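Below: start.txt (compact mmCIF, C-alpha atoms)
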```
# COMPACT_ATOMS: atom_id res chain seq x y z
CA MET Z 1 -24.82 -0.98 -7.10
CA ILE Z 2 -21.09 -1.57 -6.51
CA ASP Z 3 -19.57 -0.08 -3.37
CA ASP Z 4 -16.98 2.55 -4.15
CA PRO Z 5 -13.57 0.80 -3.81
CA PHE Z 6 -11.91 4.21 -3.56
CA PRO Z 7 -13.60 6.12 -0.69
CA ARG Z 8 -12.82 9.83 -0.98
CA ALA Z 9 -10.33 11.17 1.55
CA SER Z 10 -11.10 14.50 3.15
CA LEU Z 11 -8.43 17.15 3.62
CA SER Z 12 -9.79 17.62 7.14
CA ILE Z 13 -8.85 14.01 7.94
CA VAL Z 14 -5.28 14.66 6.85
CA SER Z 15 -5.14 17.83 8.93
CA ARG Z 16 -6.22 15.90 12.06
CA ILE Z 17 -3.28 13.48 11.89
CA ASP Z 18 -0.83 14.18 14.71
CA PHE Z 19 2.64 13.99 13.20
CA SER Z 20 4.33 15.36 16.31
CA ALA Z 21 3.90 12.14 18.32
CA PRO Z 22 5.79 8.89 17.62
CA ARG Z 23 3.65 6.25 15.88
CA LEU Z 24 3.95 2.53 16.43
CA PHE Z 25 2.32 -0.44 14.72
CA LEU Z 26 1.10 -3.01 17.26
CA ASP Z 27 -0.25 -6.26 15.81
CA LEU Z 28 -2.60 -6.78 18.76
CA PRO Z 29 -6.19 -5.75 19.59
CA LEU Z 30 -6.47 -2.13 20.73
CA SER Z 31 -9.22 -0.91 23.05
CA GLU Z 32 -9.60 1.50 25.94
CA GLY Z 33 -7.61 0.35 28.94
CA ALA Z 34 -5.63 -2.28 27.04
CA GLU Z 35 -2.10 -2.82 28.29
CA ILE Z 36 0.45 -4.07 25.79
CA SER Z 37 4.07 -5.05 26.27
CA PRO Z 38 6.15 -3.82 23.33
CA ASP Z 39 8.49 -6.41 21.88
CA ARG Z 40 12.25 -6.07 22.30
CA ASP Z 41 12.81 -4.09 19.10
CA GLN Z 42 9.90 -1.76 19.83
CA ALA Z 43 11.06 -1.19 23.41
CA ASN Z 44 14.59 -0.45 22.21
CA TYR Z 45 13.21 2.05 19.69
CA LEU Z 46 11.05 3.82 22.28
CA ILE Z 47 13.55 3.86 25.15
CA ASN Z 48 16.99 3.96 23.54
CA VAL Z 49 16.35 5.61 20.16
CA LEU Z 50 13.56 8.05 21.00
CA ARG Z 51 14.65 8.25 24.66
CA LEU Z 52 11.10 8.30 25.94
CA THR Z 53 10.55 8.10 29.67
CA ASP Z 54 7.79 7.00 32.02
CA GLY Z 55 4.55 8.82 31.18
CA ALA Z 56 5.44 9.66 27.57
CA GLN Z 57 2.66 9.48 24.99
CA ILE Z 58 2.76 7.76 21.61
CA LEU Z 59 0.20 6.86 18.95
CA ALA Z 60 -0.46 3.23 18.03
CA PHE Z 61 -2.47 1.45 15.34
CA ASN Z 62 -3.01 -2.13 14.23
CA GLY Z 63 -4.79 -1.72 10.88
CA ARG Z 64 -8.15 -2.70 12.41
CA ASP Z 65 -9.08 -0.65 15.46
CA GLY Z 66 -8.13 2.89 14.48
CA GLU Z 67 -5.42 4.98 16.10
CA TRP Z 68 -4.94 5.14 19.87
CA ARG Z 69 -3.17 7.42 22.28
CA MET Z 70 -0.93 5.23 24.42
CA ARG Z 71 1.00 6.13 27.55
CA LEU Z 72 4.34 4.52 28.31
CA ARG Z 73 4.55 3.04 31.78
CA ALA Z 74 7.74 1.82 33.43
CA LEU Z 75 7.13 -1.25 35.61
CA SER Z 76 10.84 -1.61 36.33
CA ARG Z 77 14.15 -0.45 34.90
CA LYS Z 78 13.84 -2.79 31.92
CA LEU Z 79 10.12 -3.59 31.79
CA TYR Z 80 7.65 -1.26 30.10
CA ILE Z 81 4.02 -1.43 29.03
CA LEU Z 82 1.85 0.73 26.78
CA HIS Z 83 -1.52 1.72 28.23
CA ALA Z 84 -4.32 2.61 25.76
CA GLU Z 85 -6.03 5.79 26.94
CA ALA Z 86 -8.31 6.88 24.09
CA ARG Z 87 -8.97 6.37 20.40
CA VAL Z 88 -7.98 9.50 18.51
CA ARG Z 89 -8.92 8.36 14.99
CA GLU Z 90 -11.51 5.86 13.85
CA GLN Z 91 -10.46 3.14 11.45
CA THR Z 92 -11.05 4.33 7.89
CA PRO Z 93 -11.84 2.02 4.94
CA GLY Z 94 -8.92 1.38 2.63
CA THR Z 95 -9.00 1.42 -1.15
CA ASP Z 96 -9.55 -1.87 -2.97
CA LEU Z 97 -6.46 -1.54 -5.15
CA HIS Z 98 -4.00 -4.39 -5.69
CA TYR Z 99 -0.45 -3.90 -6.94
CA LEU Z 100 1.17 -6.77 -8.84
CA PHE Z 101 4.82 -6.55 -9.76
CA ALA Z 102 7.80 -8.49 -11.04
CA PRO Z 103 10.23 -8.70 -8.06
CA LEU Z 104 13.02 -6.14 -7.89
CA LYS Z 105 16.41 -6.14 -6.21
CA HIS Z 106 16.52 -5.26 -2.52
CA ALA Z 107 16.90 -1.47 -2.43
CA ARG Z 108 14.44 -0.85 -5.25
CA LEU Z 109 11.94 -3.34 -3.80
CA ASP Z 110 12.15 -1.57 -0.43
CA TYR Z 111 11.42 1.77 -2.10
CA MET Z 112 8.59 0.35 -4.20
CA VAL Z 113 6.84 -1.24 -1.19
CA GLN Z 114 7.06 1.99 0.81
CA LYS Z 115 5.65 4.09 -2.03
CA ALA Z 116 2.87 1.61 -2.77
CA VAL Z 117 1.76 1.80 0.87
CA GLU Z 118 1.86 5.60 0.76
CA MET Z 119 -0.28 5.47 -2.42
CA GLY Z 120 -2.98 3.44 -0.68
CA VAL Z 121 -2.45 -0.06 -2.11
CA SER Z 122 -4.42 -2.75 -0.26
CA ARG Z 123 -2.59 -5.84 -1.54
CA LEU Z 124 0.96 -6.48 -2.78
CA VAL Z 125 1.61 -9.52 -4.98
CA PRO Z 126 5.07 -10.47 -6.34
CA VAL Z 127 4.65 -12.10 -9.76
CA MET Z 128 7.29 -14.26 -11.44
CA THR Z 129 7.57 -13.68 -15.19
CA ARG Z 130 9.86 -15.07 -17.87
CA ARG Z 131 12.17 -12.05 -17.72
CA THR Z 132 12.18 -11.55 -13.95
CA GLN Z 133 15.76 -11.16 -12.73
CA ALA Z 134 15.24 -11.23 -8.96
CA THR Z 135 14.15 -14.78 -8.20
CA ARG Z 136 13.73 -14.53 -4.42
CA VAL Z 137 11.51 -12.20 -2.41
CA ASN Z 138 11.93 -11.57 1.31
CA LEU Z 139 8.32 -11.22 2.45
CA ASP Z 140 9.30 -10.33 6.02
CA ARG Z 141 11.39 -7.46 4.69
CA MET Z 142 8.44 -6.32 2.56
CA ARG Z 143 6.20 -6.33 5.65
CA ALA Z 144 8.77 -4.36 7.65
CA ASN Z 145 8.94 -1.71 4.91
CA ALA Z 146 5.14 -1.55 4.73
CA VAL Z 147 4.92 -1.01 8.49
CA GLU Z 148 7.62 1.67 8.42
CA ALA Z 149 5.84 3.60 5.66
CA ALA Z 150 2.50 3.41 7.49
CA GLU Z 151 4.06 4.55 10.76
CA GLN Z 152 5.76 7.55 9.16
CA CYS Z 153 2.83 8.71 7.01
CA GLY Z 154 -0.10 8.47 9.41
CA ILE Z 155 -1.62 5.54 7.49
CA LEU Z 156 -4.12 3.31 9.32
CA ASN Z 157 -4.40 0.49 6.77
CA LEU Z 158 -1.64 -1.98 5.98
CA PRO Z 159 -1.65 -3.94 2.71
CA THR Z 160 -1.89 -7.70 2.60
CA ILE Z 161 1.40 -9.13 1.32
CA GLU Z 162 0.98 -12.31 -0.70
CA GLU Z 163 3.36 -15.13 -1.51
CA THR Z 164 5.10 -15.01 -4.88
CA ILE Z 165 3.00 -16.42 -7.71
CA LYS Z 166 3.77 -17.32 -11.33
CA LEU Z 167 2.09 -15.17 -13.95
CA GLU Z 168 0.35 -18.14 -15.57
CA ARG Z 169 -1.29 -19.15 -12.29
CA LEU Z 170 -2.22 -15.55 -11.52
CA VAL Z 171 -4.13 -15.24 -14.79
CA ALA Z 172 -5.72 -18.69 -14.43
CA GLU Z 173 -7.10 -17.76 -10.99
CA TRP Z 174 -8.02 -14.17 -11.83
CA PRO Z 175 -11.39 -13.04 -10.33
CA ALA Z 176 -13.71 -12.02 -13.16
CA GLU Z 177 -15.02 -8.94 -11.32
CA ARG Z 178 -11.62 -7.25 -10.81
CA ARG Z 179 -10.31 -4.82 -13.42
CA LEU Z 180 -6.65 -5.35 -14.39
CA ILE Z 181 -4.67 -2.25 -15.36
CA PHE Z 182 -1.94 -3.71 -17.55
CA CYS Z 183 0.94 -1.24 -17.85
CA ASP Z 184 2.21 -1.94 -21.34
CA GLU Z 185 4.68 0.17 -23.31
CA ASP Z 186 2.95 -1.02 -26.49
CA ALA Z 187 -0.53 0.07 -25.40
CA PRO Z 188 -2.42 1.67 -28.33
CA VAL Z 189 -3.82 4.54 -26.21
CA ALA Z 190 -0.95 6.85 -25.33
CA ASP Z 191 -3.17 9.15 -23.24
CA ALA Z 192 -3.31 7.39 -19.86
CA VAL Z 193 -5.88 9.82 -18.43
CA THR Z 194 -8.32 9.10 -21.26
CA ALA Z 195 -7.86 5.36 -20.80
CA LEU Z 196 -8.52 5.56 -17.05
CA ARG Z 197 -11.58 7.80 -17.46
CA GLN Z 198 -13.24 5.05 -19.49
CA ILE Z 199 -12.99 2.51 -16.65
CA PRO Z 200 -16.28 1.89 -14.79
CA GLN Z 201 -16.40 1.77 -11.00
CA GLY Z 202 -15.20 -1.44 -9.36
CA PRO Z 203 -12.24 -3.24 -7.77
CA MET Z 204 -8.90 -2.77 -9.54
CA ALA Z 205 -5.40 -4.16 -9.79
CA VAL Z 206 -2.36 -2.80 -11.60
CA ILE Z 207 0.49 -4.94 -12.90
CA ILE Z 208 4.02 -3.82 -13.77
CA GLY Z 209 6.43 -6.11 -15.60
CA PRO Z 210 10.16 -6.79 -15.19
CA GLU Z 211 13.10 -5.03 -16.80
CA GLY Z 212 12.69 -5.68 -20.50
CA GLY Z 213 8.92 -5.93 -20.14
CA PHE Z 214 6.62 -8.90 -20.61
CA ASP Z 215 7.43 -11.26 -23.45
CA PRO Z 216 4.86 -11.64 -26.29
CA VAL Z 217 3.33 -14.82 -24.89
CA GLU Z 218 2.80 -13.17 -21.49
CA ARG Z 219 1.30 -10.09 -23.11
CA GLU Z 220 -1.23 -12.25 -24.94
CA LEU Z 221 -1.98 -14.10 -21.69
CA LEU Z 222 -2.70 -10.88 -19.81
CA MET Z 223 -5.01 -9.69 -22.56
CA ARG Z 224 -7.25 -12.71 -21.88
CA VAL Z 225 -8.23 -11.36 -18.47
CA PRO Z 226 -12.01 -10.57 -18.64
CA LEU Z 227 -11.66 -6.92 -17.55
CA VAL Z 228 -8.33 -5.60 -18.76
CA THR Z 229 -7.15 -2.10 -19.66
CA ARG Z 230 -3.77 -1.57 -21.32
CA LEU Z 231 -2.17 1.58 -20.02
CA SER Z 232 0.78 3.50 -21.40
CA LEU Z 233 3.02 5.30 -18.91
CA GLY Z 234 4.34 7.69 -21.52
CA PRO Z 235 7.21 7.82 -24.02
CA ARG Z 236 10.02 7.02 -21.55
CA ILE Z 237 11.23 3.67 -20.29
CA LEU Z 238 10.79 3.60 -16.50
CA ARG Z 239 12.42 1.39 -13.92
CA GLY Z 240 10.08 -0.84 -11.96
CA ASP Z 241 10.07 1.28 -8.81
CA THR Z 242 9.53 4.49 -10.80
CA ALA Z 243 6.76 2.85 -12.83
CA ALA Z 244 5.00 1.90 -9.59
CA VAL Z 245 4.83 5.52 -8.43
CA ALA Z 246 3.80 6.79 -11.88
CA ALA Z 247 1.04 4.21 -12.38
CA LEU Z 248 -0.41 4.44 -8.88
CA ALA Z 249 -0.37 8.24 -8.93
CA LEU Z 250 -2.28 8.25 -12.24
CA ILE Z 251 -4.85 5.76 -11.00
CA GLN Z 252 -5.44 7.52 -7.69
CA ALA Z 253 -5.69 10.93 -9.36
CA VAL Z 254 -8.08 9.94 -12.16
CA ALA Z 255 -9.98 6.88 -10.91
CA GLY Z 256 -9.00 6.65 -7.24
CA ASP Z 257 -9.41 8.50 -3.96
CA TRP Z 258 -7.54 11.74 -4.72
CA GLY Z 259 -10.69 13.31 -6.16
CA ALA Z 260 -8.92 15.01 -9.09
CA GLU Z 261 -11.45 13.71 -11.60
CA GLU Z 262 -14.32 15.15 -9.56
CA LEU Z 263 -12.57 18.53 -9.47
CA LEU Z 264 -12.05 18.44 -13.24
CA GLN Z 265 -15.74 17.72 -13.80
CA ARG Z 266 -16.77 20.62 -11.54
CA GLU Z 267 -14.63 23.00 -13.54
```

Do you think you could lay out the structure here as structure tokens?
Amino acid sequence: MIDDPFPRASLSIVSRIDFSAPRLFLDLPLSEGAEISPDRDQANYLINVLRLTDGAQILAFNGRDGEWRMRLRALSRKLYILHAEARVREQTPGTDLHYLFAPLKHARLDYMVQKAVEMGVSRLVPVMTRRTQATRVNLDRMRANAVEAAEQCGILNLPTIEETIKLERLVAEWPAERRLIFCDEDAPVADAVTALRQIPQGPMAVIIGPEGGFDPVERELLMRVPLVTRLSLGPRILRGDTAAVAALALIQAVAGDWGAEELLQRE
């Protein structure tokens, strides 16, 4: 039996998220009594932007140890620490959903990364194709956008961000057990919901091509992946960042952790 890669989220979990308190990502172990010194940028954000003072409370997470209530302590005029008082949310399992994409220009890449994190993606992989126009990817900027989205949306899991890879190598190293959702404007099945309903349970990845789409050789290459599903995103041509939102929303609603398919079956 394959573990469900898309654990169902409960509405009660969403309702328990405290959006009134500032949230901060801390890439350090979190446990009761831990004392952490925020870095310079984090301290500036807490003290000068949010104007928090000694004794203020924030929420912190690291993607591993759940969410913690932290209290800001002033050791001196310019030295502050964060003291972990209690865990307020346990770490939840993330979805096993990878998002592969031809790199975009800065603003659109920023938007795409943020939305992919909000949609529950567990891994982001920039893929170089023959028609890719943006040839360089700032991975640090991608990570910063992922952290920002997680902080703002109450997300506990951060995606792994991989180095850029060429499409040919990606296909050559593809794990046989992972389903590839190939977003292709020439897909024979125009009904995306029907196509997704036919996919059995298991780990998934979705790939979106560059402006102008994949060339014929690349399309044939992708179709050689052992578990591949061609998916149409409808009659309109979408930009890469828009296609990301459309594809991930469809997958999460029909085959993912939104539970829409279960609701349809009950009706």

- prompt: Do you know which residues are at most 12 Å from Arg141 of chain Z counting all atoms listed in the file, after dropping those on the same chain fewer than 3 positions away, and could you put them as a ChimeraX atom specification?
  reply: /Z:106-107,109-111,113-114,136-138,144-148,161

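For the residues Z:Ala134, Z:Gly209, Z:Lys78, Z:Ile181, ranking by smallest atom-to-atom distance to Ala195 of chain Z using only C-alpha atoms places Z:Ile181 first.
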
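One finds atom CA of His83 of chain Z at 5.9 Å from atom CA of Ala34 of chain Z.
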
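Of the residues under consideration (Z:Arg123, Z:Leu104, Z:Leu139, Z:Gly256), Z:Leu104 shows the shortest atom-to-atom contact distance to Glu211 of chain Z when counting all atoms listed in the file.
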
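Each of Z:Val193, Z:Met119, Z:Leu170, Z:Leu100 was checked against Ala255 of chain Z using all atoms listed in the file; the smallest atom-to-atom distance is that of Z:Val193.
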
field: Distance in Å - atom CA of Thr135 of chain Z versus atom CA of Trp174 of chain Z
entry: 22.5 Å

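The coordinates place atom CA of Thr92 of chain Z at 12.7 Å from atom CA of Ser122 of chain Z.
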